[in-house]
Amino acid sequence: MSDKTIKPSADATFGDTTVSRGAGGETHQHAGGDVPTLTTNGGIPVADDQNSLKAGERGPTLIEDFHFREKIFHFDHERIPERVVHARGFGVHGTFETYKSLADVTSADIFQRAGEKTDVFVRFSTVAGNKGSADLARDVRGFAVRFYTKEGNWDIVGNNIPVFFIQDAIKFPDLIHAAKQEPDRGFPQAQTAHDNFWDFMSLMPEAMHMAMWIMSDRTIPRSFRFMEGFGVHTFRLVNAEGKSTFVKFHWKPTAGLQSVVWNEALKLNGMDPDFHRRDLWDAIQMGDFPEWELGFQMFDEDFAAKFPFDVLDATKIIPEEEVPVVPVGKMTLNRTVENFFFETEQVAFQTNNIVPGVDFTNDPLLQGRNFSYLDTQLKRLGGPNFTHIPVNAPRCPFGNFQQDGHMAMRNPKGRANYEPNSWGGAAGGPREDPKRGYQSFPEEVSGQKLRVRAELFADHYSQARQFFVSQTGVEQTHIEDAFVFELSKVETPAIRERVVSHLVNIDEGLAQKVADGLGLAALPAAADPARPVIRDLAPSPKLSIVKNGPESFKGRKLGILLADGADAAIVADLEKAAAGVGAQLEFVAPKIGGVTLSDGSTREPKQKVNGGPSVLYDAVAIVLSAEGATLLGKEATAKDFVSDAFAHAKFIAFTAAAKPLLDKAGVEQDQGVVELKPGGAPDFLKACGALRFWAREEKLHAV
Ligand code: HDD
């Protein structure tokens with residue numbers, strides 16, 4: 001045994017440049033200066049983090065190596081159970097600003113003062129996929145907001161769709177089991193295009209309204225930034241006099257709504273499975289903070305009694321045209337988390353986190369949720385002290401006599417840990433506050449114990465139809481196509497037919513198109529509706545994405561395909577125009593190292609062409625010299641860049657010299673394909689505000 005192998009690094013120092021010697025005598029440089037010293041969890045400085053302690057150069061590792069054992073022990077226990085649903089999510093911080101006092105309708109502290117600012121934490125998510133699944137799965141998006149108010153944490157645990165699949169929480173495990181991977185094979189994940197899901201759906205007519213929403217483009221949002229959020233249930237606001245007003249919560253993005261098309265979503269999942277989280281991360285990092293207005297849809301008992309549907313039924317909406325959404329404040333998301341696990345993974349939203357001035361209703365889905373969210377945290381976070389984790393702790397004064405349990409970070413101070421006690425004053429600990437403390441709305445409740453649903457819950461199709469007729473033609477086609485896609489993956493013909501039999505009740509044209517798309521021999525008979533379908537509900541334009549898009553290209557992304565020799569003036573024009581409308585811009589080029597333009601200036605591409613497809617962008621510009629067009633005409637991924645942008649109905653600008661590439665990609669010129677002339681960039685960016693040139697789409701699909 002040589003001397004050098006048994007010695008730990010003889011010259012190891014802490015807090016300065018350190019050299020530790022490996023078994024073979026190799027050395028490792030450590031940074032010096034103010035760099036903190038690596039320690040064990042017990043704070044013991046570590047001299048060598050490269051080599052475990054061994055008996056001899058080639059001998060076994062010693063159990064005495066406390067640093068090694070602690071490091072591996074901790075690593076082995078890094079995982080906590082992922083959420084049963086909404087496992088894949090992305091959380092960020094922000095602020096909510098109240099527009100004006102709403103003291104007339106609610107005593108909630110957060111709504112008492114105009115200009116009041118409240119910290120928020122928001123987590124967006126998909127529902128069905130596991131934690132490592134892709135962002136562009138066709139799925140509902142979770143939209144969970146926590147307000148750290150001065151009277152405690154208030155969570156609106158909502159979705160980007162205002163209705164839900166089921167009416168009663170007792171069916172939730174069945175719904176989720178059916179949607180997630182099939183249990184015998186463990187696939188498909190993050191997809192509803194499989195037998196179990198549609199089998200369940202087709203046997204649950206109450207899910208038909210939601211079926212329309214999930215087959216619409218709402219389930220393939222372009223960005224978290226461009227989707228609405230909904231509290232879904234009817235809640236109550238209660239004012240200081242104890243008067244109650246029903247309310248539905250809406251989040252409206254100031255940047256307008258936008259979704260991608262399905263073929264784009266499929267490609268995005270491969271090219272950038274983190275597309276949504278990256279988009280939000282990038283926007284916040286570059287200071288383009290996304291904003292939503294919180295809106296209240298408020299109504300009273302009289303309205304509820306007259307409304308043709310039950311306001312306690314989470315499969316129904318109240319059209320905004322009937323009860324307007326009143327903006328009450330603005331949320332700005334402006335800070336990414338410092339650590340994903342610490343905040344995003346450990347945040348424990350709960351529908352039962354509610355503050356004085358807001359209350360539940362008897363919606364049977366909400367009532368069930370109030371049990372589930374508390375319960376699930378125990379399993380996921382490992383004990384009753386999950387509110388000690390900073391992201392879950394209130395940011396207002398709080399205290400009670402709960403104590404101990406796993407990982408207690410704080411216990412009541414002093415002698416008093418029970419109540420009532422006679423220790424008096426501060427020594428006696430916190431006391432109830434009958435005035436400020438939470439009061440449940442004293443709703444009259446009586447009745448027999450029954451396992452039933454209220455009568456109006458049985459209307460399953462009327463609002464599904466209303467949703468469909470409220471869409472633009474393009475959106476209706478997308479819904480038809482989505483049904484055909486999903487059901488084409490269903491292997492059991494009887495399930496496909498059963499789904500179509502429900503669609504007949506919603507819209508015969510839709511049912512027929514889906515039947516044709518599936519190749520059904522005949523349109524199945526309509527499923528027997530439990531209540532007659534109301535066929536003349538007025539269309540609600542607010543239900544369409546296309547009708548509620550943005551007015552400009554602000555916050556959207558232009559992708560510019562470049563190669564050496566590209567026209568510098570045109571590039572500069574595009575840069576200026578994009579900045580002018582507040583759009584993002586990225587260059588895609590044959591090599592990542594840089595592009596030299598016609599005037600000798602250079603640009604730094606963000607993507608190499610084979611890793612930067614046009615699905616990453618909202619519109620594209622093909623700025624090439626003749627040589628550049630010849631070069632890229634021989635590159636399959638450059639042709640895909642152009643042909644995909646065309647197929648996805650995007651606006652395309654091109655320089656005259658780039659035309660041969662467009663021809664090779666099969667582009668047929670239309671009003672969405674614009675030749676760029678000097679000074680033409682502002683007009684192009686203006687046109688891009690429409691986001692897609694939808695008129696092209698119908699010409700591109702034959703089956
Ligand atoms: Fe739920 C998570 C939204 C019905 C049980 N749900 C969860 C999240 C969102 C929603 C956004 C993720 C929160 C986060 O980001 O951490 N859930 C909804 C909406 C529903 C709904 C809008 C219907 C209107 N959920 C629902 C029912 C039940 C649950 C009926 C059970 C009876 N949901 C859960 C859960 C989760 C959850 C199992 C998983 C992880 C968690 O709670 O913290 O408790």
# chains A, B, ... in the order shown; residues from 1 in each chain; ligands from 1

$ residues_around --residues "Glu116 of chain A" --least-positions-apart "5" --cutoff "12 Å" --atoms "only C-alpha atoms" --output "ChimeraX atom specification"
/A:95-102,109-111,149-150,328-331

$ select_by_dssp --residues "segment 25-109 of chain A" --states "strand (DSSP E)" --output "PyMOL selection string"
chain A and resi 27-29+89-98

$ closest_residue --among "A:Ala454, A:Val163, A:Val35, A:Met298" --to "ligand 1" --atoms "only C-alpha atoms and all ligand atoms"
A:Val163

$ closest_residue --among "A:Ser625, A:Thr315, A:Thr118, A:Ser446" --to "ligand 1" --atoms "only C-alpha atoms and all ligand atoms"
A:Thr315

$ residues_around --residues "segment 77-91 of chain A" --least-positions-apart "5" --cutoff "6 Å" --atoms "only C-alpha atoms" --output "list in words"
Val122, Arg123, Phe124, Ser125, Thr126, Val127, Ala128, Asn130, Lys131, Thr344 and Arg380 of chain A

$ write_last_selection --atoms "all heavy atoms" --output "PDB file, in the first residue's frame"
ATOM      1  N   VAL A 122     -49.222  30.546  -7.786  1.00  0.00           N
ATOM      2  CA  VAL A 122     -50.103  29.901  -8.764  1.00  0.00           C
ATOM      3  C   VAL A 122     -49.426  28.652  -9.295  1.00  0.00           C
ATOM      4  O   VAL A 122     -48.225  28.676  -9.594  1.00  0.00           O
ATOM      5  CB  VAL A 122     -50.391  30.859  -9.940  1.00  0.00           C
ATOM      6  CG1 VAL A 122     -51.259  30.183 -10.993  1.00  0.00           C
ATOM      7  CG2 VAL A 122     -51.080  32.120  -9.437  1.00  0.00           C
ATOM      8  N   ARG A 123     -50.183  27.571  -9.393  1.00  0.00           N
ATOM      9  CA  ARG A 123     -49.625  26.373 -10.029  1.00  0.00           C
ATOM     10  C   ARG A 123     -50.550  25.940 -11.163  1.00  0.00           C
ATOM     11  O   ARG A 123     -51.739  25.702 -10.941  1.00  0.00           O
ATOM     12  CB  ARG A 123     -49.446  25.236  -9.025  1.00  0.00           C
ATOM     13  CG  ARG A 123     -48.743  24.004  -9.602  1.00  0.00           C
ATOM     14  CD  ARG A 123     -48.458  22.969  -8.529  1.00  0.00           C
ATOM     15  NE  ARG A 123     -47.873  21.759  -9.071  1.00  0.00           N
ATOM     16  CZ  ARG A 123     -48.574  20.732  -9.543  1.00  0.00           C
ATOM     17  NH1 ARG A 123     -49.895  20.760  -9.531  1.00  0.00           N
ATOM     18  NH2 ARG A 123     -47.962  19.669 -10.022  1.00  0.00           N
ATOM     19  N   PHE A 124     -49.983  25.908 -12.374  1.00  0.00           N
ATOM     20  CA  PHE A 124     -50.703  25.399 -13.538  1.00  0.00           C
ATOM     21  C   PHE A 124     -50.316  23.933 -13.715  1.00  0.00           C
ATOM     22  O   PHE A 124     -49.188  23.547 -13.395  1.00  0.00           O
ATOM     23  CB  PHE A 124     -50.310  26.165 -14.805  1.00  0.00           C
ATOM     24  CG  PHE A 124     -50.597  27.643 -14.735  1.00  0.00           C
ATOM     25  CD1 PHE A 124     -49.564  28.568 -14.645  1.00  0.00           C
ATOM     26  CD2 PHE A 124     -51.893  28.113 -14.765  1.00  0.00           C
ATOM     27  CE1 PHE A 124     -49.823  29.933 -14.600  1.00  0.00           C
ATOM     28  CE2 PHE A 124     -52.164  29.476 -14.715  1.00  0.00           C
ATOM     29  CZ  PHE A 124     -51.128  30.387 -14.627  1.00  0.00           C
ATOM     30  N   SER A 125     -51.226  23.151 -14.263  1.00  0.00           N
ATOM     31  CA  SER A 125     -50.905  21.723 -14.366  1.00  0.00           C
ATOM     32  C   SER A 125     -51.727  21.057 -15.462  1.00  0.00           C
ATOM     33  O   SER A 125     -52.701  21.629 -15.950  1.00  0.00           O
ATOM     34  CB  SER A 125     -51.231  21.045 -13.026  1.00  0.00           C
ATOM     35  OG  SER A 125     -52.517  21.415 -12.576  1.00  0.00           O
ATOM     36  N   THR A 126     -51.306  19.848 -15.831  1.00  0.00           N
ATOM     37  CA  THR A 126     -52.214  18.977 -16.584  1.00  0.00           C
ATOM     38  C   THR A 126     -52.839  18.041 -15.559  1.00  0.00           C
ATOM     39  O   THR A 126     -52.372  17.970 -14.420  1.00  0.00           O
ATOM     40  CB  THR A 126     -51.461  18.157 -17.652  1.00  0.00           C
ATOM     41  OG1 THR A 126     -50.361  17.489 -17.025  1.00  0.00           O
ATOM     42  CG2 THR A 126     -50.937  19.031 -18.781  1.00  0.00           C
ATOM     43  N   VAL A 127     -53.855  17.293 -15.962  1.00  0.00           N
ATOM     44  CA  VAL A 127     -54.549  16.457 -14.976  1.00  0.00           C
ATOM     45  C   VAL A 127     -54.075  15.007 -15.009  1.00  0.00           C
ATOM     46  O   VAL A 127     -53.688  14.432 -13.999  1.00  0.00           O
ATOM     47  CB  VAL A 127     -56.078  16.491 -15.204  1.00  0.00           C
ATOM     48  CG1 VAL A 127     -56.790  15.595 -14.199  1.00  0.00           C
ATOM     49  CG2 VAL A 127     -56.602  17.906 -15.101  1.00  0.00           C
ATOM     50  N   ALA A 128     -54.100  14.411 -16.192  1.00  0.00           N
ATOM     51  CA  ALA A 128     -53.988  12.956 -16.247  1.00  0.00           C
ATOM     52  C   ALA A 128     -52.549  12.438 -16.286  1.00  0.00           C
ATOM     53  O   ALA A 128     -52.256  11.373 -15.758  1.00  0.00           O
ATOM     54  CB  ALA A 128     -54.752  12.432 -17.452  1.00  0.00           C
ATOM     55  N   ASN A 130     -48.510  11.743 -15.838  1.00  0.00           N
ATOM     56  CA  ASN A 130     -47.628  11.649 -14.687  1.00  0.00           C
ATOM     57  C   ASN A 130     -46.666  12.832 -14.697  1.00  0.00           C
ATOM     58  O   ASN A 130     -46.608  13.603 -15.643  1.00  0.00           O
ATOM     59  CB  ASN A 130     -46.881  10.313 -14.715  1.00  0.00           C
ATOM     60  CG  ASN A 130     -47.861   9.152 -14.635  1.00  0.00           C
ATOM     61  OD1 ASN A 130     -48.963   9.304 -14.085  1.00  0.00           O
ATOM     62  ND2 ASN A 130     -47.489   8.016 -15.192  1.00  0.00           N
ATOM     63  N   LYS A 131     -45.874  12.900 -13.641  1.00  0.00           N
ATOM     64  CA  LYS A 131     -45.046  14.095 -13.447  1.00  0.00           C
ATOM     65  C   LYS A 131     -44.108  14.370 -14.627  1.00  0.00           C
ATOM     66  O   LYS A 131     -43.824  15.522 -14.955  1.00  0.00           O
ATOM     67  CB  LYS A 131     -44.232  13.884 -12.168  1.00  0.00           C
ATOM     68  CG  LYS A 131     -43.708  15.121 -11.571  1.00  0.00           C
ATOM     69  CD  LYS A 131     -43.241  14.857 -10.150  1.00  0.00           C
ATOM     70  CE  LYS A 131     -42.398  15.999  -9.692  1.00  0.00           C
ATOM     71  NZ  LYS A 131     -40.973  15.718  -9.651  1.00  0.00           N
ATOM     72  N   THR A 344     -42.975  24.430  -5.830  1.00  0.00           N
ATOM     73  CA  THR A 344     -43.996  23.895  -6.737  1.00  0.00           C
ATOM     74  C   THR A 344     -44.442  22.491  -6.341  1.00  0.00           C
ATOM     75  O   THR A 344     -45.618  22.151  -6.408  1.00  0.00           O
ATOM     76  CB  THR A 344     -43.434  23.880  -8.173  1.00  0.00           C
ATOM     77  OG1 THR A 344     -43.030  25.215  -8.484  1.00  0.00           O
ATOM     78  CG2 THR A 344     -44.446  23.401  -9.169  1.00  0.00           C
ATOM     79  N   ARG A 380     -48.903  12.759   0.693  1.00  0.00           N
ATOM     80  CA  ARG A 380     -47.879  13.304  -0.199  1.00  0.00           C
ATOM     81  C   ARG A 380     -46.750  13.979   0.564  1.00  0.00           C
ATOM     82  O   ARG A 380     -45.582  13.853   0.225  1.00  0.00           O
ATOM     83  CB  ARG A 380     -48.525  14.331  -1.138  1.00  0.00           C
ATOM     84  CG  ARG A 380     -48.330  14.024  -2.604  1.00  0.00           C
ATOM     85  CD  ARG A 380     -49.136  14.900  -3.477  1.00  0.00           C
ATOM     86  NE  ARG A 380     -49.057  16.305  -3.144  1.00  0.00           N
ATOM     87  CZ  ARG A 380     -48.018  17.093  -3.412  1.00  0.00           C
ATOM     88  NH1 ARG A 380     -46.951  16.618  -4.011  1.00  0.00           N
ATOM     89  NH2 ARG A 380     -48.042  18.362  -3.082  1.00  0.00           N
TER      90      ARG A 380
END

$ closest_residue --among "A:Glu343, A:Asp279, A:Asp195, A:Asp119" --to "ligand 1" --atoms "only C-alpha atoms and all ligand atoms"
A:Glu343

$ select_by_dssp --residues "segment 145-281 of chain A" --states "alpha helix (DSSP H)" --output "PyMOL selection string"
chain A and resi 172-179+195-202+208-214+262-271+275-281

$ closest_residue --among "A:Asn505, A:Gln671, A:Thr477, A:Asn392" --to "ligand 1" --atoms "only C-alpha atoms and all ligand atoms"
A:Asn392

$ closest_residue --among "A:Asp481, A:Asp199, A:Asp375, A:Glu264" --to "ligand 1" --atoms "only C-alpha atoms and all ligand atoms"
A:Asp375

$ closest_residue --among "A:Gly287, A:Gly611, A:Pro356, A:Gly549" --to "Met271 of chain A" --atoms "only C-alpha atoms"
A:Gly611

$ atom_distance --atom1 "atom 44 (O, counted along the ligand's line) of ligand 1" --atom2 "atom CA of Pro364 of chain A"
14.9 Å

$ residues_around --residues "Val323 of chain A" --least-positions-apart "3" --cutoff "12 Å" --atoms "only C-alpha atoms" --output "ChimeraX atom specification"
/A:246-248,295-300,303-304,307,317-320,326,540,542

$ residues_around --residues "Pro550 of chain A" --least-positions-apart "6" --cutoff "8 Å" --atoms "only C-alpha atoms" --output "list in words"
Ala255, Gly256, Leu257, Gln258, Gly689 and Ala690 of chain A

$ residues_around --residues "Lys664 of chain A" --least-positions-apart "6" --cutoff "9 Å" --atoms "only C-alpha atoms" --output "ChimeraX atom specification"
/A:633,639,643

$ write_last_selection --atoms "C-alpha atoms" --output "CSV table (one decimal), in the first residue's frame"
chain,number,residue,atom,x,y,z
A,633,GLY,CA,-33.8,23.5,-49.9
A,639,LYS,CA,-38.7,22.2,-45.5
A,643,SER,CA,-44.6,23.2,-44.5

$ atom_distance --atom1 "atom CA of Ala108 of chain A" --atom2 "atom CA of Leu294 of chain A"
14.7 Å

$ residues_around --residues "Ser544 of chain A" --least-positions-apart "5" --cutoff "12 Å" --atoms "only C-alpha atoms" --output "CSV table (one decimal) with all heavy atoms, in the first residue's frame"
chain,number,residue,atom,x,y,z
A,161,ILE,N,-61.2,25.2,-17.6
A,161,ILE,CA,-62.5,24.9,-18.2
A,161,ILE,C,-63.6,25.1,-17.1
A,161,ILE,O,-63.3,24.6,-15.9
A,161,ILE,CB,-62.5,23.4,-18.7
A,161,ILE,CG1,-61.6,23.4,-19.9
A,161,ILE,CG2,-63.9,22.9,-19.0
A,161,ILE,CD1,-61.4,22.0,-20.6
A,213,TRP,N,-66.0,20.3,-24.2
A,213,TRP,CA,-64.9,21.2,-23.8
A,213,TRP,C,-63.6,20.5,-24.0
A,213,TRP,O,-62.6,21.2,-24.6
A,213,TRP,CB,-65.0,21.7,-22.4
A,213,TRP,CG,-66.0,22.8,-22.1
A,213,TRP,CD1,-67.4,22.6,-21.9
A,213,TRP,CD2,-65.8,24.2,-22.1
A,213,TRP,NE1,-68.0,23.8,-21.7
A,213,TRP,CE2,-67.1,24.8,-21.8
A,213,TRP,CE3,-64.7,25.0,-22.2
A,213,TRP,CZ2,-67.2,26.2,-21.7
A,213,TRP,CZ3,-64.9,26.4,-22.0
A,213,TRP,CH2,-66.1,26.9,-21.8
A,216,SER,N,-62.5,20.3,-27.5
A,216,SER,CA,-62.3,21.7,-28.1
A,216,SER,C,-60.8,22.0,-27.9
A,216,SER,O,-60.0,21.4,-27.2
A,216,SER,CB,-63.1,22.7,-27.5
A,216,SER,OG,-62.6,23.2,-26.3
A,217,ASP,N,-60.4,23.1,-28.5
A,217,ASP,CA,-59.0,23.6,-28.4
A,217,ASP,C,-58.6,24.1,-27.0
A,217,ASP,O,-57.5,24.4,-26.8
A,217,ASP,CB,-58.7,24.7,-29.5
A,217,ASP,CG,-58.8,24.1,-30.9
A,217,ASP,OD1,-58.8,22.9,-31.0
A,217,ASP,OD2,-58.9,24.9,-31.8
A,218,ARG,N,-59.6,24.1,-26.1
A,218,ARG,CA,-59.3,24.5,-24.7
A,218,ARG,C,-58.2,23.6,-24.1
A,218,ARG,O,-57.5,24.0,-23.2
A,218,ARG,CB,-60.5,24.5,-23.8
A,218,ARG,CG,-61.6,25.5,-24.2
A,218,ARG,CD,-61.5,26.8,-23.5
A,218,ARG,NE,-62.4,27.7,-24.1
A,218,ARG,CZ,-62.7,28.9,-23.5
A,218,ARG,NH1,-62.0,29.3,-22.4
A,218,ARG,NH2,-63.6,29.7,-24.0
A,227,MET,N,-54.6,31.4,-21.3
A,227,MET,CA,-55.9,30.6,-21.0
A,227,MET,C,-56.6,31.2,-19.8
A,227,MET,O,-56.1,31.9,-19.0
A,227,MET,CB,-55.5,29.1,-20.7
A,227,MET,CG,-54.4,28.8,-19.8
A,227,MET,SD,-54.2,27.1,-19.6
A,227,MET,CE,-53.8,27.1,-17.8
A,228,GLU,N,-57.9,31.0,-19.9
A,228,GLU,CA,-58.8,31.4,-18.8
A,228,GLU,C,-58.7,30.4,-17.6
A,228,GLU,O,-58.3,29.3,-17.8
A,228,GLU,CB,-60.3,31.5,-19.2
A,228,GLU,CG,-60.6,32.6,-20.2
A,228,GLU,CD,-62.0,32.6,-20.6
A,228,GLU,OE1,-62.4,31.7,-21.3
A,228,GLU,OE2,-62.8,33.5,-20.2
A,256,GLY,N,-55.5,37.8,-23.9
A,256,GLY,CA,-56.4,37.1,-24.8
A,256,GLY,C,-56.2,35.6,-24.9
A,256,GLY,O,-55.1,35.1,-24.4
A,257,LEU,N,-57.1,34.9,-25.4
A,257,LEU,CA,-57.0,33.4,-25.5
A,257,LEU,C,-56.3,32.9,-26.7
A,257,LEU,O,-56.4,33.6,-27.7
A,257,LEU,CB,-58.4,32.8,-25.5
A,257,LEU,CG,-59.4,33.2,-24.3
A,257,LEU,CD1,-60.7,32.4,-24.4
A,257,LEU,CD2,-58.7,33.0,-23.0
A,258,GLN,N,-55.6,31.8,-26.6
A,258,GLN,CA,-55.0,31.2,-27.8
A,258,GLN,C,-54.7,29.7,-27.5
A,258,GLN,O,-54.2,29.4,-26.4
A,258,GLN,CB,-53.7,31.9,-28.1
A,258,GLN,CG,-53.0,31.5,-29.4
A,258,GLN,CD,-51.7,32.1,-29.6
A,258,GLN,OE1,-51.3,33.1,-29.0
A,258,GLN,NE2,-50.9,31.6,-30.6
A,259,SER,N,-54.9,28.9,-28.5
A,259,SER,CA,-54.6,27.5,-28.5
A,259,SER,C,-53.7,27.2,-29.7
A,259,SER,O,-53.6,27.9,-30.6
A,259,SER,CB,-55.8,26.7,-28.4
A,259,SER,OG,-56.4,26.7,-27.2
A,319,PRO,N,-74.0,31.4,-18.6
A,319,PRO,CA,-73.4,32.2,-19.6
A,319,PRO,C,-73.1,33.6,-19.2
A,319,PRO,O,-73.9,34.2,-18.5
A,319,PRO,CB,-74.5,32.2,-20.7
A,319,PRO,CG,-75.3,31.0,-20.5
A,319,PRO,CD,-75.3,30.8,-19.0
A,466,GLN,N,-75.3,24.1,-26.4
A,466,GLN,CA,-75.0,25.5,-26.4
A,466,GLN,C,-73.5,25.8,-26.7
A,466,GLN,O,-73.2,26.7,-27.4
A,466,GLN,CB,-75.5,26.1,-25.1
A,466,GLN,CG,-75.3,27.6,-25.0
A,466,GLN,CD,-75.7,28.1,-23.6
A,466,GLN,OE1,-75.5,27.5,-22.6
A,466,GLN,NE2,-76.3,29.3,-23.6
A,467,PHE,N,-72.7,25.0,-26.0
A,467,PHE,CA,-71.2,25.2,-26.2
A,467,PHE,C,-70.9,25.0,-27.7
A,467,PHE,O,-70.2,25.8,-28.3
A,467,PHE,CB,-70.4,24.2,-25.4
A,467,PHE,CG,-68.9,24.3,-25.6
A,467,PHE,CD1,-68.2,25.3,-25.0
A,467,PHE,CD2,-68.3,23.4,-26.4
A,467,PHE,CE1,-66.8,25.4,-25.1
A,467,PHE,CE2,-66.9,23.5,-26.5
A,467,PHE,CZ,-66.2,24.5,-25.9
A,468,PHE,N,-71.4,23.9,-28.3
A,468,PHE,CA,-71.0,23.7,-29.7
A,468,PHE,C,-71.5,24.8,-30.6
A,468,PHE,O,-70.7,25.2,-31.5
A,468,PHE,CB,-71.6,22.3,-30.1
A,468,PHE,CG,-71.1,21.9,-31.5
A,468,PHE,CD1,-69.8,21.5,-31.7
A,468,PHE,CD2,-72.0,21.8,-32.6
A,468,PHE,CE1,-69.3,21.1,-32.9
A,468,PHE,CE2,-71.5,21.4,-33.8
A,468,PHE,CZ,-70.2,21.1,-34.0
A,469,VAL,N,-72.7,25.2,-30.5
A,469,VAL,CA,-73.2,26.2,-31.4
A,469,VAL,C,-72.6,27.6,-31.1
A,469,VAL,O,-72.8,28.5,-32.0
A,469,VAL,CB,-74.8,26.3,-31.4
A,469,VAL,CG1,-75.4,25.0,-31.8
A,469,VAL,CG2,-75.3,26.8,-30.0
A,470,SER,N,-71.9,27.8,-30.0
A,470,SER,CA,-71.3,29.0,-29.8
A,470,SER,C,-69.9,29.2,-30.4
A,470,SER,O,-69.2,30.2,-30.3
A,470,SER,CB,-71.1,29.2,-28.2
A,470,SER,OG,-72.3,29.2,-27.6
A,471,GLN,N,-69.4,28.1,-31.0
A,471,GLN,CA,-68.1,28.1,-31.6
A,471,GLN,C,-68.1,28.6,-33.0
A,471,GLN,O,-69.1,28.5,-33.7
A,471,GLN,CB,-67.5,26.6,-31.6
A,471,GLN,CG,-67.5,26.0,-30.2
A,471,GLN,CD,-66.7,26.7,-29.2
A,471,GLN,OE1,-65.5,27.1,-29.4
A,471,GLN,NE2,-67.3,26.9,-28.0
A,472,THR,N,-66.9,29.1,-33.5
A,472,THR,CA,-66.8,29.4,-34.9
A,472,THR,C,-66.7,28.1,-35.7
A,472,THR,O,-66.5,27.1,-35.1
A,472,THR,CB,-65.5,30.2,-35.1
A,472,THR,OG1,-64.4,29.4,-34.7
A,472,THR,CG2,-65.4,31.5,-34.4
A,473,GLY,N,-66.8,28.2,-37.0
A,473,GLY,CA,-66.8,27.0,-37.9
A,473,GLY,C,-65.5,26.3,-37.7
A,473,GLY,O,-65.4,25.1,-37.6
A,474,VAL,N,-64.4,27.0,-37.6
A,474,VAL,CA,-63.1,26.4,-37.5
A,474,VAL,C,-63.0,25.6,-36.2
A,474,VAL,O,-62.6,24.4,-36.1
A,474,VAL,CB,-62.0,27.5,-37.4
A,474,VAL,CG1,-60.6,26.9,-37.0
A,474,VAL,CG2,-61.8,28.2,-38.7
A,475,GLU,N,-63.5,26.2,-35.1
A,475,GLU,CA,-63.5,25.5,-33.8
A,475,GLU,C,-64.4,24.3,-33.8
A,475,GLU,O,-64.1,23.3,-33.2
A,475,GLU,CB,-63.9,26.5,-32.7
A,475,GLU,CG,-62.9,27.6,-32.5
A,475,GLU,CD,-63.3,28.7,-31.6
A,475,GLU,OE1,-64.4,29.3,-31.9
A,475,GLU,OE2,-62.7,28.9,-30.5
A,476,GLN,N,-65.6,24.4,-34.5
A,476,GLN,CA,-66.4,23.2,-34.6
A,476,GLN,C,-65.7,22.1,-35.3
A,476,GLN,O,-65.8,20.9,-34.9
A,476,GLN,CB,-67.7,23.6,-35.3
A,476,GLN,CG,-68.6,24.5,-34.5
A,476,GLN,CD,-70.0,24.7,-35.1
A,476,GLN,OE1,-70.1,24.6,-36.3
A,476,GLN,NE2,-70.9,25.1,-34.3
A,479,ILE,N,-63.4,20.4,-33.0
A,479,ILE,CA,-64.1,19.5,-32.1
A,479,ILE,C,-64.4,18.1,-32.8
A,479,ILE,O,-64.1,17.1,-32.3
A,479,ILE,CB,-65.3,20.1,-31.5
A,479,ILE,CG1,-65.0,21.3,-30.7
A,479,ILE,CG2,-66.2,19.1,-30.8
A,479,ILE,CD1,-66.1,22.2,-30.2
A,539,PRO,N,-76.6,31.1,-28.3
A,539,PRO,CA,-75.2,31.0,-28.3
A,539,PRO,C,-74.5,32.0,-27.4
A,539,PRO,O,-75.0,33.1,-27.3
A,539,PRO,CB,-74.8,31.2,-29.8
A,539,PRO,CG,-76.1,31.1,-30.5
A,539,PRO,CD,-77.2,31.4,-29.6
A,549,GLY,N,-59.8,36.1,-28.8
A,549,GLY,CA,-58.3,36.1,-29.0
A,549,GLY,C,-57.7,37.5,-28.7
A,549,GLY,O,-58.5,38.4,-28.3

$ atom_distance --atom1 "atom CA of Val588 of chain A" --atom2 "atom CA of Lys634 of chain A"
16.0 Å
